[in-house]
file protein37.tsv (TSV, C-alpha atoms)
chain	number	residue	atom	x	y	z
A	1	MET	CA	88.86	10.04	102.95
A	2	PRO	CA	91.35	7.27	102.10
A	3	ASN	CA	91.64	4.24	104.36
A	4	ASN	CA	95.00	4.85	106.13
A	5	LYS	CA	95.34	1.23	107.31
A	6	LEU	CA	94.93	-0.14	103.79
A	7	SER	CA	97.31	2.47	102.38
A	8	ALA	CA	100.00	1.59	104.94
A	9	ALA	CA	99.65	-2.15	104.29
A	10	SER	CA	99.94	-1.59	100.56
A	11	THR	CA	103.08	0.47	101.06
A	12	ARG	CA	104.63	-2.26	103.24
A	13	ARG	CA	103.89	-4.90	100.58
A	14	LYS	CA	105.53	-2.77	97.87
A	15	PHE	CA	108.59	-2.18	100.05
A	16	LEU	CA	108.99	-5.86	100.91
A	17	THR	CA	108.59	-6.87	97.26
A	18	SER	CA	111.19	-4.33	96.15
A	19	ALA	CA	113.59	-5.38	98.91
A	20	THR	CA	113.20	-9.04	97.97
A	21	VAL	CA	113.99	-8.29	94.31
A	22	ALA	CA	116.94	-6.10	95.28
A	23	GLY	CA	118.23	-8.77	97.63
A	24	ALA	CA	117.97	-11.39	94.95
A	25	ALA	CA	119.95	-9.16	92.64
A	26	VAL	CA	122.68	-8.89	95.25
A	27	VAL	CA	122.99	-12.52	96.23
A	28	ALA	CA	122.26	-14.28	92.93
A	29	PRO	CA	125.47	-15.21	91.05
A	30	SER	CA	125.97	-13.36	87.78
A	31	VAL	CA	126.12	-15.58	84.73
A	32	VAL	CA	128.92	-14.65	82.31
A	33	LYS	CA	129.14	-16.34	78.95
A	34	ALA	CA	132.53	-18.06	78.66
A	35	GLN	CA	134.70	-16.94	75.78
A	36	GLY	CA	137.45	-19.05	74.28
A	37	PRO	CA	141.01	-17.88	73.63
A	38	ILE	CA	141.83	-15.64	70.67
A	39	ALA	CA	143.44	-17.80	68.00
A	40	MET	CA	145.97	-16.48	65.51
A	41	ARG	CA	147.62	-18.28	62.62
A	42	PHE	CA	151.18	-17.35	61.73
A	43	GLN	CA	153.52	-18.56	59.02
A	44	SER	CA	157.29	-18.25	58.94
A	45	THR	CA	159.43	-17.88	55.84
A	46	TRP	CA	161.59	-20.80	56.93
A	47	PRO	CA	161.52	-24.58	56.46
A	48	SER	CA	160.48	-26.47	59.58
A	49	LYS	CA	164.01	-27.89	60.06
A	50	ASP	CA	165.67	-24.44	60.10
A	51	ILE	CA	166.63	-22.91	63.44
A	52	PHE	CA	164.90	-19.72	62.25
A	53	HIS	CA	161.57	-21.56	62.26
A	54	GLU	CA	162.42	-22.68	65.78
A	55	TYR	CA	162.82	-19.01	66.72
A	56	ALA	CA	159.35	-18.37	65.27
A	57	GLN	CA	157.93	-21.21	67.36
A	58	ASP	CA	159.73	-19.86	70.44
A	59	PHE	CA	157.89	-16.57	69.98
A	60	GLY	CA	154.52	-18.26	69.60
A	61	LYS	CA	155.07	-20.33	72.74
A	62	ARG	CA	156.26	-17.30	74.70
A	63	VAL	CA	153.10	-15.36	73.86
A	64	ASN	CA	150.86	-18.34	74.56
A	65	ASP	CA	152.50	-18.86	77.95
A	66	MET	CA	152.58	-15.17	78.92
A	67	THR	CA	148.90	-14.66	78.09
A	68	GLY	CA	147.90	-17.76	80.05
A	69	GLY	CA	146.14	-19.13	77.01
A	70	ASP	CA	144.05	-16.00	76.33
A	71	LEU	CA	145.90	-15.71	73.01
A	72	LYS	CA	147.05	-18.78	71.11
A	73	ILE	CA	149.43	-18.38	68.18
A	74	GLU	CA	149.90	-21.30	65.82
A	75	VAL	CA	153.13	-21.11	63.80
A	76	LEU	CA	153.33	-22.82	60.41
A	77	PRO	CA	156.45	-23.30	58.25
A	78	ALA	CA	157.15	-21.66	54.89
A	79	GLY	CA	154.74	-22.63	52.15
A	80	ALA	CA	152.02	-23.94	54.46
A	81	VAL	CA	149.67	-21.15	53.33
A	82	VAL	CA	151.66	-18.88	51.02
A	83	PRO	CA	155.17	-18.93	49.47
A	84	ALA	CA	157.95	-17.51	51.64
A	85	PHE	CA	158.19	-14.28	49.66
A	86	GLY	CA	154.40	-13.79	49.77
A	87	LEU	CA	154.27	-13.30	53.52
A	88	LEU	CA	153.83	-9.51	53.61
A	89	ASP	CA	150.83	-9.54	51.29
A	90	ALA	CA	149.24	-12.44	53.15
A	91	VAL	CA	149.55	-10.72	56.54
A	92	SER	CA	148.45	-7.35	55.17
A	93	LYS	CA	145.32	-8.85	53.58
A	94	GLY	CA	144.47	-10.94	56.64
A	95	VAL	CA	145.04	-14.29	54.93
A	96	LEU	CA	147.44	-14.82	57.83
A	97	ASP	CA	147.20	-13.11	61.21
A	98	GLY	CA	150.95	-12.67	61.36
A	99	GLY	CA	154.31	-13.91	60.21
A	100	HIS	CA	157.99	-14.40	60.93
A	101	GLY	CA	160.67	-13.45	58.42
A	102	VAL	CA	163.03	-10.61	57.54
A	103	LEU	CA	162.30	-7.11	56.28
A	104	VAL	CA	164.78	-7.56	53.42
A	105	TYR	CA	162.38	-10.10	51.86
A	106	HIS	CA	159.94	-7.21	51.23
A	107	TYR	CA	162.58	-5.35	49.22
A	108	GLY	CA	160.47	-5.58	46.05
A	109	LYS	CA	157.72	-3.45	47.64
A	110	ASN	CA	160.06	-0.59	48.49
A	111	THR	CA	163.85	-0.72	48.09
A	112	ALA	CA	164.33	1.15	51.39
A	113	LEU	CA	163.11	-1.91	53.31
A	114	ALA	CA	166.45	-3.54	52.52
A	115	LEU	CA	168.16	-0.99	54.78
A	116	TRP	CA	167.00	-3.08	57.76
A	117	GLY	CA	169.60	-5.71	56.92
A	118	SER	CA	171.39	-5.44	53.60
A	119	GLY	CA	174.75	-3.76	53.56
A	120	PRO	CA	177.48	-2.88	56.05
A	121	GLY	CA	175.21	-1.09	58.54
A	122	TYR	CA	177.72	1.80	58.51
A	123	GLY	CA	179.80	-0.04	61.08
A	124	MET	CA	176.84	-1.04	63.26
A	125	ASP	CA	176.11	-4.65	64.11
A	126	ALA	CA	172.53	-5.94	64.08
A	127	ASN	CA	171.94	-5.12	67.73
A	128	MET	CA	172.95	-1.51	67.15
A	129	LEU	CA	170.66	-1.36	64.14
A	130	LEU	CA	167.82	-2.50	66.38
A	131	ALA	CA	168.77	0.24	68.86
A	132	TRP	CA	168.53	2.74	65.98
A	133	HIS	CA	165.13	1.30	65.05
A	134	LYS	CA	163.70	1.68	68.55
A	135	TYR	CA	165.41	4.83	69.79
A	136	GLY	CA	166.95	6.50	66.73
A	137	GLY	CA	163.91	7.03	64.51
A	138	GLY	CA	163.80	3.79	62.55
A	139	LYS	CA	160.37	2.73	63.78
A	140	ALA	CA	158.67	5.88	62.48
A	141	LEU	CA	160.47	5.56	59.15
A	142	LEU	CA	159.38	1.94	58.78
A	143	GLU	CA	155.78	2.90	59.49
A	144	LYS	CA	156.09	5.59	56.82
A	145	ILE	CA	157.20	2.98	54.28
A	146	PHE	CA	154.33	0.66	55.13
A	147	GLY	CA	151.93	3.58	54.80
A	148	GLN	CA	153.26	4.37	51.33
A	149	ILE	CA	152.92	0.81	50.08
A	150	GLY	CA	149.53	0.29	51.74
A	151	ALA	CA	150.65	-2.54	53.99
A	152	ASP	CA	148.21	-3.12	56.87
A	153	VAL	CA	150.84	-4.54	59.21
A	154	VAL	CA	152.46	-3.89	62.57
A	155	SER	CA	156.14	-4.83	62.32
A	156	PHE	CA	158.49	-5.78	65.14
A	157	PRO	CA	162.12	-6.10	63.99
A	158	TYR	CA	163.91	-8.21	66.59
A	159	ALA	CA	166.54	-10.94	67.04
A	160	PRO	CA	169.87	-9.44	65.91
A	161	LEU	CA	171.79	-11.78	63.63
A	162	TYR	CA	175.55	-12.19	63.51
A	163	THR	CA	177.54	-11.25	60.41
A	164	GLN	CA	176.56	-13.59	57.62
A	165	PRO	CA	179.18	-15.58	55.70
A	166	LEU	CA	180.06	-14.58	52.16
A	167	GLY	CA	178.71	-18.00	51.30
A	168	TRP	CA	179.32	-21.51	50.07
A	169	PHE	CA	181.52	-22.07	47.01
A	170	LYS	CA	183.25	-24.73	44.95
A	171	LYS	CA	186.64	-23.12	45.64
A	172	PRO	CA	187.99	-20.36	47.91
A	173	MET	CA	187.27	-16.86	46.60
A	174	GLN	CA	190.44	-14.82	46.18
A	175	SER	CA	189.19	-11.57	44.62
A	176	ALA	CA	186.06	-9.80	43.44
A	177	ASP	CA	186.84	-10.98	39.90
A	178	ASP	CA	186.05	-14.54	41.00
A	179	PHE	CA	182.37	-13.57	41.05
A	180	LYS	CA	182.24	-12.84	37.33
A	181	GLY	CA	179.80	-15.24	35.69
A	182	LEU	CA	179.06	-17.02	38.99
A	183	LYS	CA	175.45	-18.15	39.48
A	184	TYR	CA	174.87	-16.92	43.02
A	185	ARG	CA	171.99	-16.64	45.49
A	186	THR	CA	171.34	-13.62	47.71
A	187	VAL	CA	168.53	-11.15	48.56
A	188	GLY	CA	167.87	-7.42	49.06
A	189	ILE	CA	170.41	-4.81	48.01
A	190	SER	CA	172.92	-7.65	47.99
A	191	ILE	CA	171.37	-8.58	44.64
A	192	ASP	CA	172.65	-5.28	43.25
A	193	LEU	CA	175.98	-5.68	45.04
A	194	PHE	CA	176.87	-9.10	43.66
A	195	THR	CA	175.44	-8.24	40.25
A	196	ALA	CA	177.87	-5.32	40.18
A	197	MET	CA	180.64	-7.79	41.03
A	198	GLY	CA	179.70	-9.77	37.92
A	199	ALA	CA	177.55	-12.57	39.36
A	200	ALA	CA	174.29	-13.82	37.87
A	201	VAL	CA	172.08	-13.49	40.93
A	202	ASN	CA	168.96	-15.51	41.77
A	203	ALA	CA	166.95	-14.65	44.91
A	204	LEU	CA	165.61	-17.89	46.34
A	205	PRO	CA	163.96	-18.71	49.69
A	206	GLY	CA	166.15	-20.62	52.14
A	207	GLY	CA	164.46	-23.96	51.60
A	208	GLU	CA	165.17	-23.95	47.84
A	209	ILE	CA	168.87	-23.08	47.81
A	210	VAL	CA	170.56	-26.44	48.32
A	211	ALA	CA	168.38	-28.18	45.72
A	212	ALA	CA	169.24	-25.43	43.22
A	213	ILE	CA	172.98	-25.92	43.84
A	214	ASP	CA	172.56	-29.69	43.53
A	215	ARG	CA	170.82	-29.30	40.14
A	216	GLY	CA	173.46	-26.87	38.87
A	217	LEU	CA	171.08	-23.89	38.84
A	218	LEU	CA	173.43	-22.16	41.30
A	219	ASP	CA	177.20	-22.27	41.63
A	220	ALA	CA	177.30	-20.66	45.06
A	221	ALA	CA	175.03	-19.14	47.68
A	222	GLU	CA	174.86	-17.35	50.98
A	223	PHE	CA	172.22	-17.86	53.63
A	224	ASN	CA	172.91	-16.96	57.25
A	225	ASN	CA	174.58	-19.02	59.98
A	226	ALA	CA	176.22	-22.34	60.81
A	227	SER	CA	173.08	-23.89	62.31
A	228	SER	CA	170.78	-22.96	59.43
A	229	ASP	CA	173.38	-23.86	56.82
A	230	ARG	CA	173.96	-27.28	58.35
A	231	ALA	CA	170.25	-28.03	58.81
A	232	LEU	CA	169.47	-27.04	55.24
A	233	GLY	CA	172.23	-29.30	53.89
A	234	PHE	CA	174.78	-26.88	52.48
A	235	ALA	CA	177.61	-29.23	53.48
A	236	ASP	CA	176.10	-31.87	51.18
A	237	VAL	CA	176.70	-29.73	48.09
A	238	SER	CA	179.77	-27.70	49.06
A	239	LYS	CA	182.81	-28.08	51.31
A	240	ILE	CA	184.04	-24.48	51.10
A	241	CYS	CA	182.54	-21.68	53.17
A	242	MET	CA	183.87	-18.11	53.16
A	243	LEU	CA	183.38	-16.25	56.45
A	244	GLN	CA	182.83	-12.52	56.94
A	245	SER	CA	181.13	-10.17	54.52
A	246	TYR	CA	179.54	-6.73	54.41
A	247	HIS	CA	176.57	-7.75	52.27
A	248	GLN	CA	174.37	-8.66	55.29
A	249	ASN	CA	176.31	-7.40	58.28
A	250	ALA	CA	173.46	-6.06	60.41
A	251	GLU	CA	170.34	-8.07	59.65
A	252	GLN	CA	167.64	-9.02	62.11
A	253	LEU	CA	164.44	-11.05	62.01
A	254	GLU	CA	160.92	-9.64	61.88
A	255	ILE	CA	157.65	-10.52	63.59
A	256	SER	CA	154.61	-9.02	61.89
A	257	PHE	CA	150.90	-8.83	62.69
A	258	ASN	CA	147.95	-7.82	60.59
A	259	LYS	CA	147.49	-4.26	61.86
A	260	THR	CA	143.70	-4.33	62.04
A	261	LYS	CA	143.72	-7.57	64.05
A	262	PHE	CA	146.55	-6.41	66.30
A	263	LYS	CA	144.84	-3.12	67.14
A	264	ALA	CA	141.63	-5.03	67.93
A	265	LEU	CA	143.37	-6.96	70.69
A	266	PRO	CA	142.89	-5.77	74.29
A	267	PRO	CA	145.67	-3.34	75.32
A	268	LYS	CA	146.94	-5.88	77.86
A	269	LEU	CA	147.54	-8.47	75.13
A	270	GLN	CA	149.23	-5.90	72.89
A	271	ALA	CA	151.59	-5.03	75.74
A	272	ILE	CA	152.34	-8.70	76.40
A	273	ILE	CA	153.17	-9.24	72.72
A	274	GLU	CA	155.59	-6.31	72.71
A	275	GLY	CA	157.24	-7.66	75.84
A	276	ALA	CA	157.44	-11.15	74.34
A	277	VAL	CA	159.14	-9.76	71.22
A	278	GLU	CA	161.92	-8.20	73.28
A	279	ALA	CA	162.31	-11.25	75.52
A	280	CYS	CA	162.58	-13.52	72.48
A	281	SER	CA	165.06	-11.13	70.88
A	282	GLN	CA	167.50	-11.67	73.70
A	283	ASP	CA	166.80	-15.39	74.02
A	284	MET	CA	167.42	-15.80	70.29
A	285	GLN	CA	170.91	-14.33	70.72
A	286	TRP	CA	171.71	-16.70	73.58
A	287	LYS	CA	170.45	-19.70	71.61
A	288	ALA	CA	172.38	-18.62	68.50
A	289	ILE	CA	175.63	-18.37	70.46
A	290	ASP	CA	175.12	-21.87	71.83
A	291	ARG	CA	173.91	-23.60	68.70
A	292	ASN	CA	175.94	-21.75	66.06
A	293	SER	CA	179.20	-22.38	67.88
A	294	GLN	CA	178.41	-26.10	68.23
A	295	ASP	CA	177.38	-26.45	64.57
A	296	TYR	CA	180.47	-24.53	63.44
A	297	ILE	CA	182.61	-27.24	65.04
A	298	THR	CA	180.45	-30.06	63.67
A	299	LEU	CA	180.64	-28.68	60.13
A	300	GLN	CA	184.44	-28.85	60.36
A	301	THR	CA	184.90	-32.15	62.19
A	302	GLN	CA	181.99	-34.24	60.95
A	303	ASP	CA	181.02	-32.65	57.63
A	304	LYS	CA	184.63	-31.87	56.61
A	305	VAL	CA	183.89	-28.28	55.62
A	306	LYS	CA	186.81	-25.88	55.26
A	307	PHE	CA	186.25	-22.30	56.35
A	308	TYR	CA	188.22	-19.36	54.99
A	309	LYS	CA	188.18	-15.69	55.87
A	310	THR	CA	187.00	-13.49	53.03
A	311	PRO	CA	190.01	-11.50	51.73
A	312	ASP	CA	190.07	-7.82	52.67
A	313	ALA	CA	190.19	-6.90	48.97
A	314	ILE	CA	186.71	-8.36	48.47
A	315	LEU	CA	185.41	-6.60	51.59
A	316	ARG	CA	186.73	-3.22	50.38
A	317	THR	CA	185.12	-3.80	46.98
A	318	GLN	CA	181.81	-4.49	48.70
A	319	LEU	CA	181.95	-1.18	50.59
A	320	ASP	CA	182.81	0.82	47.47
A	321	LEU	CA	180.10	-0.81	45.36
A	322	TYR	CA	177.51	-0.51	48.13
A	323	ASP	CA	178.03	3.26	48.21
A	324	GLU	CA	177.51	3.49	44.45
A	325	ILE	CA	174.35	1.39	44.62
A	326	THR	CA	172.82	3.46	47.43
A	327	LYS	CA	173.42	6.65	45.42
A	328	LYS	CA	171.27	5.17	42.65
A	329	TYR	CA	168.42	4.41	45.04
A	330	ILE	CA	168.70	7.76	46.80
A	331	ALA	CA	168.03	9.42	43.46
A	332	SER	CA	164.84	7.43	42.89
A	333	ASN	CA	163.49	6.99	46.42
A	334	PRO	CA	163.39	9.98	48.83
A	335	LEU	CA	162.84	7.70	51.82
A	336	PHE	CA	166.07	5.90	51.01
A	337	LYS	CA	168.03	9.08	51.65
A	338	GLU	CA	166.08	9.89	54.83
A	339	ILE	CA	166.74	6.44	56.30
A	340	ILE	CA	170.44	6.42	55.42
A	341	ALA	CA	170.90	9.90	56.91
A	342	SER	CA	169.24	8.70	60.11
A	343	GLN	CA	171.37	5.53	60.26
A	344	LEU	CA	174.60	7.45	59.60
A	345	ALA	CA	173.91	9.90	62.41
A	346	PHE	CA	173.16	7.10	64.88
A	347	ALA	CA	176.08	4.94	63.73
A	348	LYS	CA	178.62	7.74	64.00
A	349	ARG	CA	178.14	8.15	67.74
A	350	ALA	CA	177.12	4.59	68.66
A	351	VAL	CA	180.00	2.83	66.90
A	352	GLN	CA	182.55	5.39	68.11
A	353	TRP	CA	181.34	4.88	71.67
A	354	GLU	CA	181.54	1.09	71.26
A	355	GLN	CA	185.02	1.13	69.73
A	356	ASP	CA	186.34	3.39	72.49
A	357	TYR	CA	184.77	1.46	75.36
A	358	ILE	CA	185.05	-2.23	74.47
A	359	VAL	CA	188.30	-4.00	75.32
A	360	SER	CA	189.83	-6.44	72.84
A	361	ARG	CA	188.27	-9.87	73.33
A	362	LYS	CA	190.85	-11.35	70.96
A	363	MET	CA	193.62	-10.56	73.43
A	364	ALA	CA	191.71	-12.34	76.19
A	365	PHE	CA	190.94	-15.29	73.92
A	366	ASP	CA	194.60	-15.66	72.95
A	367	HIS	CA	195.58	-15.39	76.60
A	368	TYR	CA	193.44	-18.41	77.55
A	369	PHE	CA	193.33	-20.46	74.33
A	370	GLY	CA	196.19	-19.27	72.11
A	371	PRO	CA	199.58	-20.94	71.48
A	372	ASN	CA	200.95	-19.65	74.80
A	373	ALA	CA	197.70	-20.09	76.70
A	374	LYS	CA	197.71	-19.58	80.44
A	375	SER	CA	195.11	-21.80	82.04
A	376	PRO	CA	193.58	-20.43	85.25
A	377	ILE	CA	193.00	-23.98	86.56
call {"tool": "encode", "arguments": {"input": "protein37.tsv", "output": "structure tokens"}}
result
Amino acid sequence: MPNNKLSAASTRRKFLTSATVAGAAVVAPSVVKAQGPIAMRFQSTWPSKDIFHEYAQDFGKRVNDMTGGDLKIEVLPAGAVVPAFGLLDAVSKGVLDGGHGVLVYHYGKNTALALWGSGPGYGMDANMLLAWHKYGGGKALLEKIFGQIGADVVSFPYAPLYTQPLGWFKKPMQSADDFKGLKYRTVGISIDLFTAMGAAVNALPGGEIVAAIDRGLLDAAEFNNASSDRALGFADVSKICMLQSYHQNAEQLEISFNKTKFKALPPKLQAIIEGAVEACSQDMQWKAIDRNSQDYITLQTQDKVKFYKTPDAILRTQLDLYDEITKKYIASNPLFKEIIASQLAFAKRAVQWEQDYIVSRKMAFDHYFGPNAKSPI
């Protein structure tokens, strides 16, 4: 027979040993290996002195702050790693983790990419075009393009830009015939547009334009806004700027990520990035209103630039030629037709709604600041 006393003592020892181990497991602090923040390297397509590069830095800071340092984006200026027009390939291949530019700069990969900026926007402004992108089918169409060209990127169009000037010239432009033989800088479908108007077009990155005008390689050029134009030195090589044009009436900026690296991020960080994009989109507009309006005054008072409105005859010519150019691309690129059809449908209702609802701000401006202004104070 077994010794019951010994058996009971052995059982008690086993129980106490197990309890001690279990207790230690409960009370002992768990040791977790510390992990550093996720680092990402971005490059913009803009010189460091351009306000557009500042917008890129604003986005990087916003993400860094919102993630509490869990994700740190470093933003480099154009040319730091790759040339400005090489951004898409660099992000797609993972040479860069992301970038900041415009979709129109990828026009050479697929002509339909220019429809996120080049042209009249069918009456839409850039903010409406972004509404089409998010809610009217544009996002899916953009992803289809990237799939066709094999681009491993996640793209976030954002930051609606105001109507771009016709550009900087040696003399005021009176008619479309004035473009014949003119050495002119532009990008996207605008290349086709101004070529059709008779110009010899050269697509250059923003940081190279002024030097090209100074060396006589260009006679005239467009870029974007009063703040960028002043920072880049346009007033040093020209004193004539023509305002209003349909060649880039609804452009916006773009934030892109390498798709593989973006999808590898925790869902929380992906959501923060998407929220930061939209927050920066609105902040960019506010900053543009403040800075562009100040620089517009400075260009006139300090830099002695004269601004002229582009004649309606040139604007009508742009619309007519743009329609002819898009017909050519529709015939060679099925996605071109699909995107335009989608934009037209969205623009028809959105612009009609806007025109019917919005009161004339010009009347209010004239009331307070016109020749017979009525001051409220």
call {"tool": "closest_residue", "arguments": {"input": "protein37.tsv", "among": "A:Pro371, A:Pro160, A:Pro77, A:Gly60", "to": "Gly117 in chain A", "atoms": "all atoms listed in the file"}}
result
A:Pro160
call {"tool": "residues_near_point", "arguments": {"input": "protein37.tsv", "point": "(141.1, -11.1, 57.0)", "cutoff": "12 Å", "atoms": "only C-alpha atoms", "output": "PDB file with C-alpha atoms, keeping the file's coordinate frame"}}
result
ATOM      1  CA  MET A  40     145.970 -16.480  65.510  1.00  0.00           C
ATOM      2  CA  ARG A  41     147.620 -18.280  62.620  1.00  0.00           C
ATOM      3  CA  ASP A  89     150.830  -9.540  51.290  1.00  0.00           C
ATOM      4  CA  ALA A  90     149.240 -12.440  53.150  1.00  0.00           C
ATOM      5  CA  VAL A  91     149.550 -10.720  56.540  1.00  0.00           C
ATOM      6  CA  SER A  92     148.450  -7.350  55.170  1.00  0.00           C
ATOM      7  CA  LYS A  93     145.320  -8.850  53.580  1.00  0.00           C
ATOM      8  CA  GLY A  94     144.470 -10.940  56.640  1.00  0.00           C
ATOM      9  CA  VAL A  95     145.040 -14.290  54.930  1.00  0.00           C
ATOM     10  CA  LEU A  96     147.440 -14.820  57.830  1.00  0.00           C
ATOM     11  CA  ASP A  97     147.200 -13.110  61.210  1.00  0.00           C
ATOM     12  CA  GLY A  98     150.950 -12.670  61.360  1.00  0.00           C
ATOM     13  CA  ASP A 152     148.210  -3.120  56.870  1.00  0.00           C
ATOM     14  CA  VAL A 153     150.840  -4.540  59.210  1.00  0.00           C
ATOM     15  CA  PHE A 257     150.900  -8.830  62.690  1.00  0.00           C
ATOM     16  CA  ASN A 258     147.950  -7.820  60.590  1.00  0.00           C
ATOM     17  CA  LYS A 259     147.490  -4.260  61.860  1.00  0.00           C
ATOM     18  CA  THR A 260     143.700  -4.330  62.040  1.00  0.00           C
ATOM     19  CA  LYS A 261     143.720  -7.570  64.050  1.00  0.00           C
ATOM     20  CA  PHE A 262     146.550  -6.410  66.300  1.00  0.00           C
TER      21      PHE A 262
END
call {"tool": "residues_around", "arguments": {"input": "protein37.tsv", "residues": "Gly181 in chain A", "least_positions_apart": "5", "cutoff": "10 Å", "atoms": "all atoms listed in the file", "output": "list in words"}}
result
Thr195, Met197, Gly198, Ala199, Ala200, Val201 and Asp219 of chain A
call {"tool": "residues_near_point", "arguments": {"input": "protein37.tsv", "point": "(154.1, 5.2, 49.7)", "cutoff": "12 Å", "atoms": "only C-alpha atoms", "output": "PDB file with C-alpha atoms, keeping the file's coordinate frame"}}
result
ATOM      1  CA  LYS A 109     157.720  -3.450  47.640  1.00  0.00           C
ATOM      2  CA  ASN A 110     160.060  -0.590  48.490  1.00  0.00           C
ATOM      3  CA  THR A 111     163.850  -0.720  48.090  1.00  0.00           C
ATOM      4  CA  ALA A 112     164.330   1.150  51.390  1.00  0.00           C
ATOM      5  CA  LEU A 141     160.470   5.560  59.150  1.00  0.00           C
ATOM      6  CA  LEU A 142     159.380   1.940  58.780  1.00  0.00           C
ATOM      7  CA  GLU A 143     155.780   2.900  59.490  1.00  0.00           C
ATOM      8  CA  LYS A 144     156.090   5.590  56.820  1.00  0.00           C
ATOM      9  CA  ILE A 145     157.200   2.980  54.280  1.00  0.00           C
ATOM     10  CA  PHE A 146     154.330   0.660  55.130  1.00  0.00           C
ATOM     11  CA  GLY A 147     151.930   3.580  54.800  1.00  0.00           C
ATOM     12  CA  GLN A 148     153.260   4.370  51.330  1.00  0.00           C
ATOM     13  CA  ILE A 149     152.920   0.810  50.080  1.00  0.00           C
ATOM     14  CA  GLY A 150     149.530   0.290  51.740  1.00  0.00           C
ATOM     15  CA  ALA A 151     150.650  -2.540  53.990  1.00  0.00           C
ATOM     16  CA  ASN A 333     163.490   6.990  46.420  1.00  0.00           C
ATOM     17  CA  PRO A 334     163.390   9.980  48.830  1.00  0.00           C
ATOM     18  CA  LEU A 335     162.840   7.700  51.820  1.00  0.00           C
TER      19      LEU A 335
END
call {"tool": "atom_distance", "arguments": {"input": "protein37.tsv", "atom1": "CA of Tyr135 in chain A", "atom2": "CA of Ala288 in chain A"}}
result
24.5 Å
call {"tool": "residues_around", "arguments": {"input": "protein37.tsv", "residues": "range 169-178 of chain A", "least_positions_apart": "4", "cutoff": "7 Å", "atoms": "only C-alpha atoms", "output": "JSON, numbers by chain"}}
result
{"A": [197, 219, 220, 238, 240, 241, 311, 313, 314]}
call {"tool": "closest_residue", "arguments": {"input": "protein37.tsv", "among": "A:Leu253, A:Leu182, A:Ala56, A:Met124", "to": "Lys348 in chain A", "atoms": "all atoms listed in the file"}}
result
A:Met124
call {"tool": "atom_distance", "arguments": {"input": "protein37.tsv", "atom1": "CA of Ala347 in chain A", "atom2": "CA of Asn127 in chain A"}}
result
11.6 Å
call {"tool": "atom_distance", "arguments": {"input": "protein37.tsv", "atom1": "CA of Lys309 in chain A", "atom2": "CA of Asp50 in chain A"}}
result
24.5 Å
call {"tool": "closest_residue", "arguments": {"input": "protein37.tsv", "among": "A:Ser190, A:Ser227, A:Lys306, A:Leu232", "to": "Val210 in chain A", "atoms": "only C-alpha atoms"}}
result
A:Leu232
call {"tool": "residues_around", "arguments": {"input": "protein37.tsv", "residues": "Lys139 in chain A", "least_positions_apart": "2", "cutoff": "12 Å", "atoms": "all atoms listed in the file", "output": "ChimeraX atom specification"}}
result
/A:113,116,129-137,141-146,154-158,339,342-343
call {"tool": "residues_around", "arguments": {"input": "protein37.tsv", "residues": "Val237 in chain A", "least_positions_apart": "4", "cutoff": "9 Å", "atoms": "all atoms listed in the file", "output": "list in words"}}
result
Trp168, Lys170, Val210, Ala211, Ile213, Asp214 and Gly233 of chain A
call {"tool": "build_atoms", "arguments": {"input": "protein37.tsv", "residues": "range 224-234 of chain A", "atoms": "N, CA and C atoms", "output": "short mmCIF file (atom, residue, chain, number, x, y, z; two decimals), keeping the file's coordinate frame"}}
result
data_model
loop_
_atom_site.label_atom_id
_atom_site.label_comp_id
_atom_site.auth_asym_id
_atom_site.auth_seq_id
_atom_site.Cartn_x
_atom_site.Cartn_y
_atom_site.Cartn_z
N ASN A 224 172.87 -17.76 56.03
CA ASN A 224 172.91 -16.96 57.25
C ASN A 224 173.90 -17.41 58.30
N ASN A 225 173.82 -18.65 58.79
CA ASN A 225 174.58 -19.02 59.98
C ASN A 225 174.88 -20.51 59.95
N ALA A 226 175.78 -20.95 60.81
CA ALA A 226 176.22 -22.34 60.81
C ALA A 226 175.08 -23.32 61.07
N SER A 227 174.17 -22.98 61.97
CA SER A 227 173.08 -23.89 62.31
C SER A 227 172.09 -24.03 61.16
N SER A 228 171.69 -22.90 60.58
CA SER A 228 170.78 -22.96 59.43
C SER A 228 171.44 -23.66 58.25
N ASP A 229 172.68 -23.29 57.96
CA ASP A 229 173.38 -23.86 56.82
C ASP A 229 173.51 -25.38 56.95
N ARG A 230 173.81 -25.84 58.15
CA ARG A 230 173.96 -27.28 58.35
C ARG A 230 172.61 -27.98 58.25
N ALA A 231 171.57 -27.41 58.85
CA ALA A 231 170.25 -28.03 58.81
C ALA A 231 169.70 -28.10 57.40
N LEU A 232 169.99 -27.08 56.61
CA LEU A 232 169.47 -27.04 55.24
C LEU A 232 170.29 -27.89 54.27
N GLY A 233 171.46 -28.37 54.71
CA GLY A 233 172.23 -29.30 53.89
C GLY A 233 173.28 -28.69 53.00
N PHE A 234 173.76 -27.50 53.32
CA PHE A 234 174.78 -26.88 52.48
C PHE A 234 176.04 -27.73 52.38
#
